[in-house]
Amino acid sequence: MTDPSLRGTEPPTVRTALENHDPLPGTTGFAGAVDDQLVRDVLGRVPLFVEAEASTSRADPAWAFEPTALEEPTLFPAGAAAAIDGPLPESESHWSLPDPEPAEPDAALEDLERAIETATDAVRRDNRDIAVAFSGGVDSALVAELLDAPLYVVGFPDSHDVEAARTAADAMDRELTVVDLEPADLERAVPEVARATGRTNAMDVQIALPLYLVGERVAADGFDALAVGQGADELFGGYEKVVRLDHRVEAETVRGAVREQVRSLPDQLPRDVLTIEATGLEPVAPFLHDAVVEAALHLPDELLADEDERKRGFRKVAARYLPDEVAHRDKKAVQYGSLVARELDRLARQAGYKRRMDDHVGKYVSSLLGDGEIQRN
C-alpha cells in the first residue's frame with residue numbers, strides 16, 4: 001500500500017538508502033516523511049516544502065508537497081534528511097551527488113543506452129495513460145519513440161516549436177496534436193501557474209506556461225500522465241555555456257560545467273513538477289531516473305559537448321532509435337520556441353508595464369494575482 005506521507009518510492013527503499021548513504025537507489029526521486037524524518041532525494045526531483053521558520057525550529061511541524069499548503073513555504077534541501085521537529089538541514093546533508101571517473105567512450109555509450117531502456121521500461125510497467133510534451137527536439141522525440149505515446153505540441157501560430165514538432169513527427173511517421181495558443185490563454189493561465197509553483201518571476205512563469213497549457217489539453221483528452229524530456233540538457237551537456245566556460249559557470253572543464261548544471265536541477269524541477277500536477281496530470285521524466293543519472297555522470301568530455309555539437313553521447317544513443325535529422329537537430333528553449341516569452345512581454349507592455357521598468361513582466365504577473373498573493377520568487 002502506498003504511503004501518503006512519502007512520494008516517489010516506498011519507505012523500505014528510502015530506509016536502505018539512508019543506511020547506505022546511497023544517493024541513487026534506483027528511483028525517479030522521492031520526498032516526504034519516513035520514520036519521523038523528512039527526506040528529499042539528491043536531485044530534488046520531488047518537491048518538498050517546510051515553513052520558512054523551520055530554519056530555526058519546528059516546535060509545531062509544518063511541511064507539504066505543495067507550497068500553497070503553507071503560509072511561508074521554503075524548499076527542503078535536496079539530498080537532505082532531518083528530524084521532522086528539528087532545524088532545517090544543509091543541502092546534501094545526507095546524500096551527495098556522485099563524482100565518478102569518466103568511463104571509456106564505447107562502454108559509456110552502452111551503459112547510457114541500457115540506462116535509458118531501464119528508465120522507459122519502468123514507465124511502461126506502470127501502465128499509465130501517457131502523452132508526451134513534444135517540441136520536435138531530440139529529448140522529447142526519444143521519450144516519444146521509446147514510450148510509443150501520443151505527441152502534443154503547444155505554441156503560438158508560426159512558432160518554431162510547432163513547426164519543428166510537425167517536421168519531426170512527419171520524419172517519425174507519427175501523428176501530432178497541436179495546441180494553438182492565443183494571448184487570452186496566457187492571461188488565464190498565468191495566475192494558475194504562479195499559484196501552483198509559488199513563483200512570479202518572469203523566467204519561471206515563461207517556462208512553466210507551455211507545460212501548463214499543453215498539460216491542460218492532455219488532461220482534457222483523458223490522459224493521466226505527461227511525459228517530458230526534462231533533465232537531458234543538464235545531464236548530457238545541452239547548454240552553450242558548458243562549452244564556452246564563460247562567466248556563467250565556475251568550472252574549467254566541460255565535464256565540470258555539466259556537473260554544475262546537474263546541481264541546478266533541485267531548484268528548477270519543483271517548478272515543472274508542480275506545473276504539471278496543477279493540470280491534474282502526473283509528471284513522467286524518464287531521463288531523471290537514477291540509472292540514467294548515474295550513466296550520465298560517467299560520460300567523458302568527448303561525449304558531452306564541444307563547439308560543433310552538444311549532447312554528443314546522448315545523440316549517438318538517440319540516433320539508434322530516431323531518424324538522423326531528428327536525433328541531431330538543435331532546439332530553442334521552450335519559452336522562446338513556443339513564443340510564450342514574446343507574447344507575455346507584449347501583454348505586459350499593453351497593460352502599462354514598459355520594458356524600461358525593472359522586471360516589467362514579473363510586475364505584470366503579480367498584477368494578475370489577488371492582493372497579497374505570492375510575493376515571493
# chains A, B, ... in the order shown; residues from 1 in each chain; ligands from 1
>>> residues_around(residues="Ala351 of chain A", least_positions_apart="2", cutoff="12 Å", atoms="only C-alpha atoms", output="list in words")
Glu187, Leu344, Asp345, Arg346, Leu347, Ala348, Arg349, Tyr353, Lys354, Arg355, His360, Val361, Lys363, Tyr364, Val365, Ser367 and Leu368 of chain A
>>> write_last_selection(atoms="N, CA and C atoms", output="PDB file, in the first residue's frame")
ATOM      1  N   GLU A 187      -3.133  35.008 -20.334  1.00  0.00           N
ATOM      2  CA  GLU A 187      -3.760  35.797 -19.265  1.00  0.00           C
ATOM      3  C   GLU A 187      -4.499  34.901 -18.274  1.00  0.00           C
ATOM      4  N   LEU A 344       4.018  37.088 -23.720  1.00  0.00           N
ATOM      5  CA  LEU A 344       3.843  37.549 -22.348  1.00  0.00           C
ATOM      6  C   LEU A 344       4.439  38.941 -22.174  1.00  0.00           C
ATOM      7  N   ASP A 345       5.566  39.179 -22.809  1.00  0.00           N
ATOM      8  CA  ASP A 345       6.166  40.513 -22.813  1.00  0.00           C
ATOM      9  C   ASP A 345       5.217  41.523 -23.454  1.00  0.00           C
ATOM     10  N   ARG A 346       4.584  41.134 -24.540  1.00  0.00           N
ATOM     11  CA  ARG A 346       3.653  42.025 -25.228  1.00  0.00           C
ATOM     12  C   ARG A 346       2.444  42.346 -24.343  1.00  0.00           C
ATOM     13  N   LEU A 347       1.923  41.327 -23.669  1.00  0.00           N
ATOM     14  CA  LEU A 347       0.794  41.555 -22.769  1.00  0.00           C
ATOM     15  C   LEU A 347       1.171  42.497 -21.636  1.00  0.00           C
ATOM     16  N   ALA A 348       2.376  42.326 -21.109  1.00  0.00           N
ATOM     17  CA  ALA A 348       2.831  43.193 -20.021  1.00  0.00           C
ATOM     18  C   ALA A 348       2.903  44.643 -20.492  1.00  0.00           C
ATOM     19  N   ARG A 349       3.441  44.866 -21.682  1.00  0.00           N
ATOM     20  CA  ARG A 349       3.558  46.229 -22.185  1.00  0.00           C
ATOM     21  C   ARG A 349       2.192  46.827 -22.495  1.00  0.00           C
ATOM     22  N   TYR A 353       3.101  47.969 -18.362  1.00  0.00           N
ATOM     23  CA  TYR A 353       4.378  47.616 -17.738  1.00  0.00           C
ATOM     24  C   TYR A 353       5.469  47.637 -18.822  1.00  0.00           C
ATOM     25  N   LYS A 354       6.091  48.791 -18.988  1.00  0.00           N
ATOM     26  CA  LYS A 354       7.035  49.007 -20.077  1.00  0.00           C
ATOM     27  C   LYS A 354       8.397  48.392 -19.780  1.00  0.00           C
ATOM     28  N   ARG A 355       9.131  48.156 -20.840  1.00  0.00           N
ATOM     29  CA  ARG A 355      10.433  47.496 -20.690  1.00  0.00           C
ATOM     30  C   ARG A 355      11.426  48.327 -19.896  1.00  0.00           C
ATOM     31  N   HIS A 360       9.591  44.192 -15.680  1.00  0.00           N
ATOM     32  CA  HIS A 360       8.236  44.589 -16.078  1.00  0.00           C
ATOM     33  C   HIS A 360       7.308  43.391 -16.239  1.00  0.00           C
ATOM     34  N   VAL A 361       7.834  42.247 -16.706  1.00  0.00           N
ATOM     35  CA  VAL A 361       6.979  41.065 -16.869  1.00  0.00           C
ATOM     36  C   VAL A 361       6.604  40.502 -15.500  1.00  0.00           C
ATOM     37  N   LYS A 363       6.289  42.136 -12.743  1.00  0.00           N
ATOM     38  CA  LYS A 363       5.277  43.025 -12.167  1.00  0.00           C
ATOM     39  C   LYS A 363       3.911  42.762 -12.783  1.00  0.00           C
ATOM     40  N   TYR A 364       3.889  42.489 -14.071  1.00  0.00           N
ATOM     41  CA  TYR A 364       2.621  42.162 -14.736  1.00  0.00           C
ATOM     42  C   TYR A 364       2.048  40.865 -14.176  1.00  0.00           C
ATOM     43  N   VAL A 365       2.892  39.862 -14.004  1.00  0.00           N
ATOM     44  CA  VAL A 365       2.432  38.590 -13.432  1.00  0.00           C
ATOM     45  C   VAL A 365       1.805  38.834 -12.065  1.00  0.00           C
ATOM     46  N   SER A 367       0.452  41.467 -10.964  1.00  0.00           N
ATOM     47  CA  SER A 367      -0.787  42.235 -11.083  1.00  0.00           C
ATOM     48  C   SER A 367      -1.989  41.347 -11.379  1.00  0.00           C
ATOM     49  N   LEU A 368      -1.750  40.165 -11.954  1.00  0.00           N
ATOM     50  CA  LEU A 368      -2.844  39.256 -12.279  1.00  0.00           C
ATOM     51  C   LEU A 368      -3.281  38.419 -11.086  1.00  0.00           C
TER      52      LEU A 368
END
>>> select_by_dssp(residues="segment 55-285 of chain A", states="strand (DSSP E)", output="count of residues only")
28
>>> residues_around(residues="segment 43-48 of chain A", least_positions_apart="6", cutoff="8 Å", atoms="only C-alpha atoms", output="ChimeraX atom specification")
/A:7-8,28-32,63-66,75-79,97,262-263,265-267,269-270,273-274,288
>>> select_by_dssp(residues="segment 115-265 of chain A", states="helix (DSSP H, G or I)", output="count of residues only")
86
>>> closest_residue(among="A:Glu192, A:Asp173, A:Asp41, A:Asp36", to="Leu209 of chain A", atoms="only C-alpha atoms")
A:Glu192
